Amino acid sequence: MVAFLRCAVDIRNVDVAAASTQGILVTRATPGFIASVAELVIGQMIDLARGIGDAAVRYHRGEVPAARMGRQLQGSTLGIIGYGAIGRYLAPLGLALGMRVLVADPFAAIEDARLEAVPLEALLAESDFTVCLAVANEQTENLMDAAAFARMKPGACFLNPSRGNLVDEAALLAALDGGRLAGAAMDVGRAPDQMPTPALAAHPKVIATPHAGGLTPAAIEHQAFDTVRQVTALAAGRLPDHAVNAARAHRLARLGITP
């Protein structure tokens with residue numbers, strides 16, 4: 001083996017250190033799912049606000065659901081934790097819907113004057129819809145714990161389209177059962193393959209989707225063709241883009257490539 005090409009952005013399931021020790025190149029794809037995930041978040045916010053999915057399920061069962069009072073996104077406050085690629089795409093969508101948009105990210109510069117950069121504690125206290133888009137690493141493990149949920153605005157909704165390990169699921173369940181949160185939406189969780197945990201997904205206040213945020217043809221095509229271009233580069237004797245350990249990939253010499 002000369003190279004391992006990961007057709008995804010997340011390479012935490014690849015032992016890069018071991019590959020480097022053996023001189024094997026590791027590459028990743030660029031995020032093609034930015035719009036796809038952001039659109040799912042908008043859909044989930046609307047569903048949490050208006051109960052669309054619940055009404056549809058009841059009609060499918062042959063029942064007539066009671067008309068319930070919803071809430072508008074316009075005039076509500078959207079809090080975005082983490083101002084990476086998806087956060088930067090989502091923020092103007094919230095503005096276009098007439099929402100006040102808060103951003104908490106100590107490592108990012110917020111250039112858009114229409115957005116409000118605030119500490120995480122202020123974002124949790126003021127947001128009607130909090131979307132967790134933080135980077136998943138050791139420092140952000142259980143970022144949303146019992147203390148974080150206790151700081152959230154009463155009656156707010158929490159959405160996690162990022163990674164399951166950002167959330168203490170027992171704390172989220174307690175916040176839902178205790179009435180602190182009006183609802184939650186999750187596209188990820190701590191089940192295998194980053195799927196939502198079934199027991200939590202079954203909660204009546206939860207909207208869950210099976211890690212489908214990036215499952216659109218455009219998103220899949222973007223990352224697939226990144227990988228195709230990497231294979232093409234290797235076949236042509238060139239170092240491919242988006243390599244993560246090129247300096248230690250000595251097996252590339254077999255293809256006539258000098259990192």
# chains A, B, ... in the order shown; residues from 1 in each chain; ligands from 1
$ residues_around --residues "Leu48 of chain A" --least-positions-apart "3" --cutoff "8 Å" --atoms "only C-alpha atoms" --output "MDAnalysis selection string"
chainID A and resid 44:45 51:52 157 183:185 207
$ write_last_selection --atoms "all heavy atoms" --output "mmCIF file, in the first residue's frame"
data_model
loop_
_atom_site.group_PDB
_atom_site.id
_atom_site.type_symbol
_atom_site.label_atom_id
_atom_site.label_comp_id
_atom_site.auth_asym_id
_atom_site.auth_seq_id
_atom_site.Cartn_x
_atom_site.Cartn_y
_atom_site.Cartn_z
ATOM 1 N N GLN A 44 -34.940 21.452 10.334
ATOM 2 C CA GLN A 44 -35.187 20.969 11.689
ATOM 3 C C GLN A 44 -35.666 22.096 12.604
ATOM 4 O O GLN A 44 -36.518 21.886 13.469
ATOM 5 C CB GLN A 44 -33.932 20.306 12.247
ATOM 6 C CG GLN A 44 -33.608 18.977 11.582
ATOM 7 C CD GLN A 44 -32.362 18.329 12.145
ATOM 8 O OE1 GLN A 44 -31.432 19.005 12.591
ATOM 9 N NE2 GLN A 44 -32.315 16.999 12.116
ATOM 10 N N MET A 45 -35.124 23.295 12.413
ATOM 11 C CA MET A 45 -35.599 24.424 13.222
ATOM 12 C C MET A 45 -37.073 24.704 12.957
ATOM 13 O O MET A 45 -37.855 24.932 13.883
ATOM 14 C CB MET A 45 -34.768 25.679 12.931
ATOM 15 C CG MET A 45 -33.411 25.692 13.582
ATOM 16 S SD MET A 45 -32.695 27.359 13.704
ATOM 17 C CE MET A 45 -32.577 27.814 11.983
ATOM 18 N N GLY A 51 -43.949 21.897 14.638
ATOM 19 C CA GLY A 51 -44.501 20.556 14.842
ATOM 20 C C GLY A 51 -44.969 19.876 13.573
ATOM 21 O O GLY A 51 -45.924 19.095 13.602
ATOM 22 N N ILE A 52 -44.303 20.139 12.473
ATOM 23 C CA ILE A 52 -44.735 19.595 11.181
ATOM 24 C C ILE A 52 -44.672 18.067 11.165
ATOM 25 O O ILE A 52 -45.618 17.385 10.764
ATOM 26 C CB ILE A 52 -43.869 20.161 10.045
ATOM 27 C CG1 ILE A 52 -44.044 21.680 9.970
ATOM 28 C CG2 ILE A 52 -44.229 19.525 8.705
ATOM 29 C CD1 ILE A 52 -43.036 22.358 9.058
ATOM 30 N N CYS A 157 -34.632 25.543 21.975
ATOM 31 C CA CYS A 157 -34.415 24.278 21.275
ATOM 32 C C CYS A 157 -32.931 24.108 20.982
ATOM 33 O O CYS A 157 -32.226 25.083 20.695
ATOM 34 C CB CYS A 157 -35.194 24.248 19.967
ATOM 35 S SG CYS A 157 -37.000 24.250 20.162
ATOM 36 N N GLY A 183 -37.417 21.388 22.904
ATOM 37 C CA GLY A 183 -37.177 20.306 21.962
ATOM 38 C C GLY A 183 -35.731 20.245 21.543
ATOM 39 O O GLY A 183 -34.930 21.127 21.865
ATOM 40 N N ALA A 184 -35.398 19.185 20.832
ATOM 41 C CA ALA A 184 -34.036 19.006 20.324
ATOM 42 C C ALA A 184 -34.103 18.307 18.977
ATOM 43 O O ALA A 184 -35.036 17.541 18.702
ATOM 44 C CB ALA A 184 -33.190 18.188 21.302
ATOM 45 N N ALA A 185 -33.124 18.604 18.145
ATOM 46 C CA ALA A 185 -32.984 17.918 16.856
ATOM 47 C C ALA A 185 -31.557 17.422 16.757
ATOM 48 O O ALA A 185 -30.618 18.134 17.102
ATOM 49 C CB ALA A 185 -33.313 18.853 15.700
ATOM 50 N N ILE A 207 -36.439 15.431 17.427
ATOM 51 C CA ILE A 207 -36.490 15.133 15.999
ATOM 52 C C ILE A 207 -35.121 14.569 15.638
ATOM 53 O O ILE A 207 -34.102 15.224 15.860
ATOM 54 C CB ILE A 207 -36.756 16.398 15.168
ATOM 55 C CG1 ILE A 207 -38.120 16.993 15.491
ATOM 56 C CG2 ILE A 207 -36.664 16.096 13.674
ATOM 57 C CD1 ILE A 207 -38.319 18.386 14.930
#
$ residues_around --residues "Pro210 of chain A" --least-positions-apart "4" --cutoff "10 Å" --atoms "only C-alpha atoms" --output "compact mmCIF listing (two decimals) with N, CA and C atoms, in the first residue's frame"
# COMPACT_ATOMS: atom_id res chain seq x y z
N MET A 186 -31.40 16.20 16.30
CA MET A 186 -30.07 15.60 16.22
C MET A 186 -29.93 14.77 14.95
N ASP A 187 -28.84 15.02 14.24
CA ASP A 187 -28.51 14.21 13.07
C ASP A 187 -27.37 13.26 13.40
N VAL A 188 -26.83 13.41 14.61
CA VAL A 188 -25.71 12.58 15.05
C VAL A 188 -25.92 12.17 16.50
N GLY A 189 -25.09 11.25 16.95
CA GLY A 189 -25.18 10.81 18.34
C GLY A 189 -24.06 9.85 18.66
N ASP A 193 -21.38 4.58 13.94
CA ASP A 193 -21.39 5.40 12.73
C ASP A 193 -21.96 6.79 12.96
N GLN A 194 -21.77 7.30 14.18
CA GLN A 194 -22.23 8.65 14.54
C GLN A 194 -23.75 8.81 14.42
N MET A 195 -24.46 7.72 14.50
CA MET A 195 -25.92 7.79 14.42
C MET A 195 -26.50 8.29 15.74
N PRO A 196 -27.70 8.90 15.70
CA PRO A 196 -28.37 9.27 16.95
C PRO A 196 -28.61 8.03 17.81
N THR A 197 -28.48 8.18 19.10
CA THR A 197 -28.76 7.08 20.02
C THR A 197 -30.25 6.78 19.98
N PRO A 198 -30.66 5.55 19.65
CA PRO A 198 -32.08 5.26 19.46
C PRO A 198 -32.97 5.65 20.63
N ALA A 201 -33.37 9.35 20.52
CA ALA A 201 -34.09 9.73 19.31
C ALA A 201 -35.59 9.46 19.43
$ residues_around --residues "Glu116 of chain A" --least-positions-apart "5" --cutoff "12 Å" --atoms "only C-alpha atoms" --output "MDAnalysis selection string"
chainID A and resid 77:81 83 91 95 99:105 109:111 122:123 126:127
$ select_by_dssp --residues "segment 54-154 of chain A" --states "strand (DSSP E or B)" --output "PyMOL selection string"
chain A and resi 77-81+100-104+116-117+129-132+144
$ residues_around --residues "segment 27-31 of chain A" --least-positions-apart "5" --cutoff "9 Å" --atoms "only C-alpha atoms" --output "MDAnalysis selection string"
chainID A and resid 3:11 85 219 222:227 230 240:246
$ select_by_dssp --residues "segment 24-187 of chain A" --states "alpha helix (DSSP H)" --output "PyMOL selection string"
chain A and resi 34-50+52-60+85-96+120-126+146-151+169-177
$ closest_residue --among "A:Gln74, A:Asn13, A:Thr209, A:Asn165" --to "Cys132 of chain A" --atoms "only C-alpha atoms"
A:Asn165
$ closest_residue --among "A:Val41, A:Ile257, A:Val118, A:Ala202" --to "Tyr89 of chain A" --atoms "only C-alpha atoms"
A:Val41
$ atom_distance --atom1 "atom CA of Leu200 of chain A" --atom2 "atom CA of Leu176 of chain A"
10.1 Å
$ atom_distance --atom1 "atom CA of Ala117 of chain A" --atom2 "atom CA of Phe129 of chain A"
15.8 Å
$ residues_around --residues "Asp54 of chain A" --least-positions-apart "3" --cutoff "12 Å" --atoms "only C-alpha atoms" --output "ChimeraX atom specification"
/A:47-51,57-61,63-68,204-207
$ closest_residue --among "A:Leu172, A:Leu124, A:Val231, A:Ala236" --to "Asp145 of chain A" --atoms "only C-alpha atoms"
A:Leu172
$ residues_around --residues "Met152 of chain A" --least-positions-apart "4" --cutoff "7 Å" --atoms "only C-alpha atoms" --output "PDB file with all heavy atoms, in the first residue's frame"
ATOM      1  N   LEU A 124     -25.881  30.825  25.061  1.00  0.00           N
ATOM      2  CA  LEU A 124     -26.816  29.847  25.612  1.00  0.00           C
ATOM      3  C   LEU A 124     -27.992  30.543  26.302  1.00  0.00           C
ATOM      4  O   LEU A 124     -29.139  30.105  26.192  1.00  0.00           O
ATOM      5  CB  LEU A 124     -26.098  28.928  26.596  1.00  0.00           C
ATOM      6  CG  LEU A 124     -25.009  28.025  25.990  1.00  0.00           C
ATOM      7  CD1 LEU A 124     -24.265  27.295  27.094  1.00  0.00           C
ATOM      8  CD2 LEU A 124     -25.602  27.039  24.997  1.00  0.00           C
ATOM      9  N   ALA A 125     -27.715  31.623  26.992  1.00  0.00           N
ATOM     10  CA  ALA A 125     -28.757  32.313  27.756  1.00  0.00           C
ATOM     11  C   ALA A 125     -29.734  33.067  26.876  1.00  0.00           C
ATOM     12  O   ALA A 125     -30.895  33.274  27.264  1.00  0.00           O
ATOM     13  CB  ALA A 125     -28.115  33.281  28.749  1.00  0.00           C
ATOM     14  N   ALA A 148     -24.109  23.422  30.823  1.00  0.00           N
ATOM     15  CA  ALA A 148     -24.431  24.170  29.607  1.00  0.00           C
ATOM     16  C   ALA A 148     -25.939  24.191  29.355  1.00  0.00           C
ATOM     17  O   ALA A 148     -26.515  25.244  29.032  1.00  0.00           O
ATOM     18  CB  ALA A 148     -23.701  23.558  28.416  1.00  0.00           C
ATOM     19  N   ALA A 156     -36.028  26.973  25.033  1.00  0.00           N
ATOM     20  CA  ALA A 156     -35.235  26.994  23.806  1.00  0.00           C
ATOM     21  C   ALA A 156     -35.147  25.598  23.193  1.00  0.00           C
ATOM     22  O   ALA A 156     -35.530  24.594  23.812  1.00  0.00           O
ATOM     23  CB  ALA A 156     -33.829  27.526  24.101  1.00  0.00           C
TER      24      ALA A 156
END
